[in-house]
>>> print(open('structure.csv').read())   # CSV, C-alpha atoms
chain,number,residue,atom,x,y,z
A,1,MET,CA,21.1,-10.5,1.4
A,2,THR,CA,17.7,-9.1,2.2
A,3,ALA,CA,14.3,-9.5,0.6
A,4,ALA,CA,13.1,-6.4,-1.3
A,5,TYR,CA,10.8,-5.1,-4.0
A,6,LEU,CA,11.6,-2.2,-6.3
A,7,LEU,CA,9.1,0.6,-5.8
A,8,HIS,CA,10.5,3.3,-8.1
A,9,HIS,CA,13.7,4.2,-10.0
A,10,TYR,CA,15.3,7.5,-11.1
A,11,ASP,CA,17.9,8.0,-13.8
A,12,TRP,CA,21.0,9.2,-12.1
A,13,SER,CA,23.5,9.4,-14.9
A,14,GLU,CA,23.9,7.9,-18.4
A,15,SER,CA,24.7,4.5,-16.9
A,16,SER,CA,23.4,4.5,-13.3
A,17,ALA,CA,20.0,4.7,-11.5
A,18,ILE,CA,18.8,5.5,-8.0
A,19,LEU,CA,16.3,2.9,-6.7
A,20,ASP,CA,13.7,3.1,-4.0
A,21,LEU,CA,13.4,-0.3,-2.5
A,22,PHE,CA,10.9,-1.7,0.0
A,23,THR,CA,12.9,-4.2,2.2
A,24,ARG,CA,11.6,-6.4,4.9
A,25,GLU,CA,14.4,-5.6,7.4
A,26,GLN,CA,14.8,-1.8,6.9
A,27,GLY,CA,11.6,-0.7,5.3
A,28,ARG,CA,12.0,1.8,2.4
A,29,VAL,CA,15.6,2.5,1.4
A,30,ALA,CA,17.3,4.4,-1.4
A,31,VAL,CA,20.3,2.8,-3.2
A,32,VAL,CA,22.4,3.7,-6.3
A,33,ALA,CA,22.8,1.0,-8.9
A,34,ARG,CA,26.0,1.9,-10.8
A,35,GLY,CA,26.0,0.8,-14.4
A,36,ALA,CA,22.5,-0.6,-14.2
A,37,ARG,CA,21.4,1.3,-17.3
A,38,ARG,CA,24.2,-0.1,-19.5
A,39,PRO,CA,22.8,-2.4,-22.3
A,40,TYR,CA,25.0,-5.3,-21.1
A,41,SER,CA,24.3,-4.9,-17.4
A,42,GLN,CA,22.9,-8.1,-15.7
A,43,LEU,CA,20.9,-5.8,-13.4
A,44,ARG,CA,18.6,-4.6,-16.2
A,45,SER,CA,16.6,-7.8,-16.3
A,46,VAL,CA,16.6,-8.2,-12.5
A,47,LEU,CA,15.6,-4.7,-11.3
A,48,MET,CA,11.9,-4.8,-12.3
A,49,PRO,CA,8.9,-3.8,-10.2
A,50,PHE,CA,6.7,-6.5,-8.5
A,51,GLN,CA,9.5,-9.1,-8.6
A,52,ARG,CA,10.8,-10.3,-5.3
A,53,LEU,CA,14.5,-9.7,-5.1
A,54,HIS,CA,17.4,-10.6,-2.8
A,55,VAL,CA,19.6,-7.5,-2.5
A,56,ASN,CA,22.9,-6.6,-0.8
A,57,TYR,CA,23.7,-2.9,-0.2
A,58,GLY,CA,25.6,-0.6,2.1
A,59,ARG,CA,28.9,1.0,2.6
A,60,LYS,CA,32.1,-0.9,3.5
A,61,ARG,CA,33.4,1.8,5.8
A,62,PRO,CA,31.9,2.3,9.3
A,63,ARG,CA,29.4,5.0,9.4
A,64,THR,CA,29.1,7.7,12.1
A,65,SER,CA,26.0,7.9,14.2
A,66,ALA,CA,24.8,11.0,12.3
A,67,GLU,CA,25.2,9.1,9.0
A,68,ALA,CA,23.4,6.0,10.4
A,69,ASP,CA,20.4,8.2,11.3
A,70,SER,CA,20.1,9.8,7.9
A,71,ALA,CA,18.2,8.4,5.0
A,72,GLU,CA,21.4,8.4,2.8
A,73,ILE,CA,21.6,6.8,-0.6
A,74,GLN,CA,23.7,3.6,-0.3
A,75,PRO,CA,25.5,1.6,-3.0
A,76,LEU,CA,23.8,-1.5,-4.3
A,77,LYS,CA,26.3,-4.3,-4.3
A,78,SER,CA,24.2,-7.1,-5.8
A,79,ALA,CA,20.6,-8.0,-6.7
A,80,GLU,CA,19.2,-11.4,-7.6
A,81,TRP,CA,15.7,-12.5,-8.6
A,82,ALA,CA,14.2,-14.4,-5.7
A,83,GLY,CA,11.7,-16.5,-7.6
A,84,GLY,CA,7.9,-16.3,-7.8
A,85,PRO,CA,5.3,-15.7,-10.5
A,86,ALA,CA,5.9,-13.2,-13.3
A,87,PRO,CA,4.2,-9.8,-12.8
A,88,ALA,CA,0.8,-9.5,-14.3
A,89,GLY,CA,0.1,-6.9,-17.0
A,90,GLY,CA,-2.7,-4.6,-18.0
A,91,ALA,CA,-5.0,-3.3,-15.2
A,92,ALA,CA,-3.0,-5.4,-12.6
A,93,LEU,CA,0.1,-3.4,-13.5
A,94,MET,CA,-1.6,-0.1,-12.8
A,95,THR,CA,-3.0,-1.3,-9.4
A,96,GLY,CA,0.4,-2.5,-8.5
A,97,PHE,CA,1.9,0.9,-9.2
A,98,TYR,CA,-0.9,2.3,-7.1
A,99,LEU,CA,0.3,0.3,-4.1
A,100,ASN,CA,3.9,1.4,-4.8
A,101,GLU,CA,2.8,5.1,-4.8
A,102,LEU,CA,1.1,4.6,-1.5
A,103,LEU,CA,4.2,3.1,0.0
A,104,MET,CA,6.4,5.8,-1.5
A,105,LYS,CA,4.3,8.6,-0.1
A,106,LEU,CA,3.3,7.3,3.3
A,107,LEU,CA,6.4,5.3,4.5
A,108,ALA,CA,9.4,7.1,5.9
A,109,ARG,CA,12.8,5.8,4.9
A,110,GLN,CA,14.5,3.2,7.1
A,111,ASP,CA,11.3,2.5,9.0
A,112,PRO,CA,10.8,-1.3,8.9
A,113,HIS,CA,7.3,-2.8,8.6
A,114,PRO,CA,7.8,-6.6,8.1
A,115,ALA,CA,4.1,-7.4,8.4
A,116,LEU,CA,3.3,-4.8,5.7
A,117,PHE,CA,6.1,-6.2,3.5
A,118,ASP,CA,4.6,-9.7,3.8
A,119,ALA,CA,1.1,-8.3,3.1
A,120,TYR,CA,2.5,-6.6,0.0
A,121,ALA,CA,4.0,-9.8,-1.3
A,122,LEU,CA,0.7,-11.7,-0.8
A,123,THR,CA,-1.4,-8.9,-2.3
A,124,LEU,CA,0.5,-8.6,-5.6
A,125,PRO,CA,-0.7,-12.1,-7.0
A,126,ALA,CA,-4.3,-11.2,-6.1
A,127,LEU,CA,-4.2,-8.2,-8.4
A,128,GLY,CA,-4.0,-10.5,-11.4
A,129,SER,CA,-7.1,-12.5,-10.5
A,130,GLY,CA,-9.2,-10.7,-13.2
A,131,GLU,CA,-12.2,-10.4,-10.9
A,132,ASP,CA,-12.9,-6.8,-10.0
A,133,ALA,CA,-14.5,-7.6,-6.6
A,134,HIS,CA,-11.5,-9.7,-5.4
A,135,VAL,CA,-9.0,-7.2,-6.7
A,136,GLY,CA,-11.0,-4.4,-4.9
A,137,ALA,CA,-11.0,-6.5,-1.7
A,138,ALA,CA,-7.2,-7.0,-1.9
A,139,LEU,CA,-6.6,-3.3,-2.4
A,140,ARG,CA,-8.9,-2.3,0.5
A,141,ALA,CA,-7.3,-4.8,2.8
A,142,PHE,CA,-3.8,-3.5,2.0
A,143,GLU,CA,-4.9,0.1,2.5
A,144,LEU,CA,-6.3,-0.8,5.9
A,145,LEU,CA,-3.1,-2.6,6.9
A,146,LEU,CA,-0.9,0.3,5.7
A,147,LEU,CA,-2.9,2.9,7.6
A,148,ARG,CA,-2.8,0.8,10.7
A,149,GLU,CA,0.9,0.1,10.4
A,150,ILE,CA,1.7,3.8,10.3
A,151,GLY,CA,-0.7,4.8,13.0
A,152,LEU,CA,-3.3,6.5,11.0
A,153,LEU,CA,-6.2,4.1,11.4
A,154,PRO,CA,-8.5,4.4,14.5
A,155,ALA,CA,-10.0,1.3,16.2
A,156,LEU,CA,-12.8,0.3,13.9
A,157,ASP,CA,-15.0,-1.3,16.6
A,158,LEU,CA,-15.2,1.8,18.8
A,159,VAL,CA,-16.7,5.3,18.3
A,160,THR,CA,-13.5,7.4,18.2
A,161,GLN,CA,-14.7,10.4,20.2
A,162,THR,CA,-16.2,8.4,23.1
A,163,GLN,CA,-14.4,5.0,22.8
A,164,GLN,CA,-17.8,3.4,23.2
A,165,PRO,CA,-18.3,0.0,21.4
A,166,LEU,CA,-20.3,0.4,18.2
A,167,ASP,CA,-23.0,-2.1,19.4
A,168,ALA,CA,-23.8,0.1,22.3
A,169,ALA,CA,-23.5,3.3,20.4
A,170,ALA,CA,-25.8,2.4,17.5
A,171,ALA,CA,-29.1,4.2,17.6
A,172,ALA,CA,-32.3,3.2,15.8
A,173,ASP,CA,-32.2,6.2,13.5
A,174,ARG,CA,-28.4,5.9,12.8
A,175,PRO,CA,-27.4,2.2,13.1
A,176,ARG,CA,-24.4,2.7,10.7
A,177,HIS,CA,-21.1,4.4,11.3
A,178,ALA,CA,-18.7,6.2,9.0
A,179,LEU,CA,-14.9,6.5,8.9
A,180,ARG,CA,-14.1,10.2,8.6
A,181,PRO,CA,-10.6,11.6,8.1
A,182,GLU,CA,-11.0,14.3,10.8
A,183,ALA,CA,-13.2,12.4,13.3
A,184,GLY,CA,-12.5,8.7,12.9
A,185,ILE,CA,-15.4,6.3,13.5
A,186,ALA,CA,-18.6,8.3,14.0
A,187,PRO,CA,-22.4,7.9,13.4
A,188,SER,CA,-23.2,8.2,9.7
A,189,ARG,CA,-24.9,11.3,8.4
A,190,PRO,CA,-27.8,11.0,5.9
A,191,GLY,CA,-26.4,10.0,2.5
A,192,GLU,CA,-23.0,9.3,3.9
A,193,PRO,CA,-21.4,5.8,3.3
A,194,GLY,CA,-21.2,3.8,6.5
A,195,LEU,CA,-21.1,0.2,7.8
A,196,ASP,CA,-23.0,-1.6,10.5
A,197,ALA,CA,-21.3,-2.6,13.8
A,198,ALA,CA,-20.8,-6.3,12.7
A,199,SER,CA,-18.9,-5.2,9.5
A,200,TRP,CA,-16.6,-2.9,11.4
A,201,ARG,CA,-16.0,-5.5,14.0
A,202,ALA,CA,-15.1,-8.2,11.4
A,203,LEU,CA,-12.6,-5.8,9.9
A,204,GLN,CA,-11.0,-5.0,13.3
A,205,GLN,CA,-10.8,-8.7,14.3
A,206,ALA,CA,-9.0,-9.6,11.0
A,207,LEU,CA,-6.6,-6.7,11.6
A,208,ASP,CA,-5.9,-7.8,15.2
A,209,ALA,CA,-5.3,-11.3,14.1
A,210,GLN,CA,-3.0,-10.1,11.2
A,211,ASP,CA,-5.0,-12.4,8.9
A,212,LEU,CA,-4.8,-11.0,5.4
A,213,ALA,CA,-7.2,-13.6,3.9
A,214,ALA,CA,-9.8,-12.9,6.6
A,215,LEU,CA,-9.4,-9.1,6.1
A,216,GLN,CA,-9.9,-9.5,2.4
A,217,ARG,CA,-13.1,-11.5,3.0
A,218,ALA,CA,-14.4,-8.9,5.4
A,219,CYS,CA,-13.7,-6.2,2.8
A,220,LEU,CA,-15.4,-8.2,0.0
A,221,GLY,CA,-19.0,-7.7,1.2
A,222,VAL,CA,-18.7,-3.9,1.9
A,223,LEU,CA,-16.6,-2.7,-1.0
A,224,ALA,CA,-19.0,0.0,-2.2
A,225,GLU,CA,-19.2,1.7,1.2
A,226,LEU,CA,-15.6,1.1,2.3
A,227,ARG,CA,-13.8,2.4,-0.9
A,228,PRO,CA,-14.9,6.1,-0.6
A,229,MET,CA,-14.2,6.2,3.1
A,230,LEU,CA,-10.7,4.8,2.8
A,231,ARG,CA,-10.0,7.0,-0.2
A,232,GLY,CA,-11.0,10.0,1.7
A,233,LEU,CA,-8.8,9.1,4.7
A,234,LEU,CA,-5.8,8.4,2.4
A,235,HIS,CA,-6.1,11.6,0.5
A,236,TYR,CA,-6.5,13.6,3.8
A,237,HIS,CA,-3.2,12.3,5.1
A,238,LEU,CA,-1.5,12.5,1.7
A,239,GLY,CA,-2.7,16.1,1.2
A,240,VAL,CA,-3.7,15.5,-2.4
A,241,PRO,CA,-7.1,15.1,-4.0
A,242,VAL,CA,-6.1,12.3,-6.4
A,243,LEU,CA,-3.0,10.1,-6.5
A,244,ARG,CA,-1.1,10.1,-9.8
A,245,THR,CA,-1.8,6.4,-10.5
A,246,ARG,CA,-5.5,6.8,-9.9
A,247,GLN,CA,-5.6,9.8,-12.3
A,248,VAL,CA,-3.9,7.7,-14.9
A,249,MET,CA,-6.4,4.9,-14.4
A,250,MET,CA,-9.3,7.3,-14.6
A,251,ASP,CA,-7.9,8.9,-17.8
A,252,LEU,CA,-7.5,5.4,-19.4
A,253,GLN,CA,-11.0,4.5,-18.4
A,254,ASN,CA,-12.4,7.7,-19.9
A,255,LEU,CA,-10.6,6.9,-23.2
A,256,GLN,CA,-12.1,3.4,-23.1
A,257,GLY,CA,-15.6,4.6,-22.2
A,258,VAL,CA,-15.7,3.0,-18.8
A,259,GLU,CA,-17.7,4.8,-16.0
A,260,PRO,CA,-15.3,6.7,-13.7
A,261,GLY,CA,-17.0,5.2,-10.6
A,262,ARG,CA,-15.6,1.8,-11.5
A,263,THR,CA,-12.0,2.7,-10.8
A,264,ARG,CA,-10.5,0.5,-8.2
>>> encode(input="structure.csv", output="structure tokens")
Amino acid sequence: MTAAYLLHHYDWSESSAILDLFTREQGRVAVVARGARRPYSQLRSVLMPFQRLHVNYGRKRPRTSAEADSAEIQPLKSAEWAGGPAPAGGAALMTGFYLNELLMKLLARQDPHPALFDAYALTLPALGSGEDAHVGAALRAFELLLLREIGLLPALDLVTQTQQPLDAAAAADRPRHALRPEAGIAPSRPGEPGLDAASWRALQQALDAQDLAALQRACLGVLAELRPMLRGLLHYHLGVPVLRTRQVMMDLQNLQGVEPGRTR
């Protein structure tokens, strides 16, 4: 049995579904749950997003090396609820789907990231806090961890082009530095969001220590500046201007009369 979360599911037939799972040992894997869509299937109440699962999957017959290297769809043998709090609803549900979309689009299959799995498990409860600032800090911290895990985040305490420490690189006229998709950490231009050296250093230290709580605290005081920079970096590597879940959130907020800038 392995720990897993359900990221997405697809109808495969009248009675079965293909599941995209995020597992601690093997990363993102695809499995087929035969009969899971039948009304009397015990899997229907278990295979829910944001619930920690214990799953067993794989083929009984030995696989060739070519099969082992491929991202094949494997049969799901069993799945059990692994305990934990019930998933939050409302806005927390949408932000949870946002995390799932990031994992689906940025993680290759069968590429394990146990530290990221643990961070995901700890981030989900924070999404139901009801406090926008704490939810925003949880999201920014997870985005930073994800980008670092897949090798798309530069060192935050160095100027990327020169590898010079930010303290030494800060000038009187440009004491803040921005995170740009094409250039990494660089001196901020007029009107461009940026952070001072101490803020970037606190973020880097929390990442190096793999301390999610410290990373969330470091994000909390710089949310307004950090959000557009991380969003730009994510969209740059995803190749899309807006993620599907963010577009849904913005559409819902427009219907409710909420300012678009308040999307998380």
>>> closest_residue(input="structure.csv", among="A:Ala137, A:Leu233, A:Val46, A:Leu153", to="Gln204 in chain A", atoms="all atoms listed in the file")
A:Leu153
>>> residues_around(input="structure.csv", residues="Trp81 in chain A", least_positions_apart="6", cutoff="8 Å", atoms="only C-alpha atoms", output="VMD selection string")
chain A and resid 46 51 to 54
>>> closest_residue(input="structure.csv", among="A:His237, A:His177, A:His134, A:Arg227", to="Leu195 in chain A", atoms="all atoms listed in the file")
A:His177
>>> closest_residue(input="structure.csv", among="A:Ala17, A:Ser41, A:Leu179, A:His8", to="Tyr98 in chain A", atoms="only C-alpha atoms")
A:His8
>>> residues_around(input="structure.csv", residues="Gln163 in chain A", least_positions_apart="6", cutoff="12 Å", atoms="all atoms listed in the file", output="PyMOL selection string")
chain A and resi 154-157+169+184-186
>>> residues_around(input="structure.csv", residues="Leu238 in chain A", least_positions_apart="5", cutoff="9 Å", atoms="all atoms listed in the file", output="compact mmCIF listing (two decimals) with C-alpha atoms, in the coordinates of the input")
# COMPACT_ATOMS: atom_id res chain seq x y z
CA LEU A 102 1.10 4.60 -1.50
CA LYS A 105 4.30 8.60 -0.10
CA LEU A 106 3.30 7.30 3.30
CA LEU A 233 -8.80 9.10 4.70
CA LEU A 243 -3.00 10.10 -6.50
>>> closest_residue(input="structure.csv", among="A:Leu6, A:Met229, A:Val32, A:Leu47", to="Leu99 in chain A", atoms="all atoms listed in the file")
A:Leu6
>>> build_atoms(input="structure.csv", residues="range 136-152 of chain A", atoms="N, CA and C atoms", output="short mmCIF file (atom, residue, chain, number, x, y, z; two decimals), in the frame of the given file")
data_model
loop_
_atom_site.label_atom_id
_atom_site.label_comp_id
_atom_site.auth_asym_id
_atom_site.auth_seq_id
_atom_site.Cartn_x
_atom_site.Cartn_y
_atom_site.Cartn_z
N GLY A 136 -10.56 -5.51 -5.78
CA GLY A 136 -11.00 -4.40 -4.90
C GLY A 136 -10.78 -4.79 -3.43
N ALA A 137 -11.15 -6.02 -3.06
CA ALA A 137 -11.00 -6.50 -1.70
C ALA A 137 -9.51 -6.51 -1.29
N ALA A 138 -8.65 -6.96 -2.21
CA ALA A 138 -7.20 -7.00 -1.90
C ALA A 138 -6.65 -5.60 -1.71
N LEU A 139 -7.12 -4.64 -2.53
CA LEU A 139 -6.60 -3.30 -2.40
C LEU A 139 -7.12 -2.65 -1.07
N ARG A 140 -8.41 -2.83 -0.74
CA ARG A 140 -8.90 -2.30 0.50
C ARG A 140 -8.23 -2.86 1.71
N ALA A 141 -7.99 -4.18 1.67
CA ALA A 141 -7.30 -4.80 2.80
C ALA A 141 -5.90 -4.25 2.97
N PHE A 142 -5.19 -4.05 1.86
CA PHE A 142 -3.80 -3.50 2.00
C PHE A 142 -3.87 -2.06 2.47
N GLU A 143 -4.82 -1.27 2.01
CA GLU A 143 -4.90 0.10 2.50
C GLU A 143 -5.17 0.13 4.00
N LEU A 144 -6.05 -0.75 4.50
CA LEU A 144 -6.30 -0.80 5.90
C LEU A 144 -5.04 -1.19 6.70
N LEU A 145 -4.32 -2.20 6.21
CA LEU A 145 -3.10 -2.60 6.90
C LEU A 145 -2.05 -1.51 6.88
N LEU A 146 -1.91 -0.82 5.76
CA LEU A 146 -0.90 0.30 5.70
C LEU A 146 -1.28 1.38 6.66
N LEU A 147 -2.54 1.81 6.68
CA LEU A 147 -2.90 2.90 7.60
C LEU A 147 -2.74 2.47 9.05
N ARG A 148 -3.02 1.22 9.34
CA ARG A 148 -2.80 0.80 10.70
C ARG A 148 -1.32 0.72 11.07
N GLU A 149 -0.49 0.23 10.16
CA GLU A 149 0.90 0.10 10.40
C GLU A 149 1.58 1.46 10.73
N ILE A 150 1.12 2.51 10.08
CA ILE A 150 1.70 3.80 10.30
C ILE A 150 0.97 4.69 11.27
N GLY A 151 0.00 4.08 11.95
CA GLY A 151 -0.70 4.80 13.00
C GLY A 151 -1.75 5.75 12.64
N LEU A 152 -2.32 5.59 11.46
CA LEU A 152 -3.30 6.50 11.00
C LEU A 152 -4.73 5.95 10.94
#
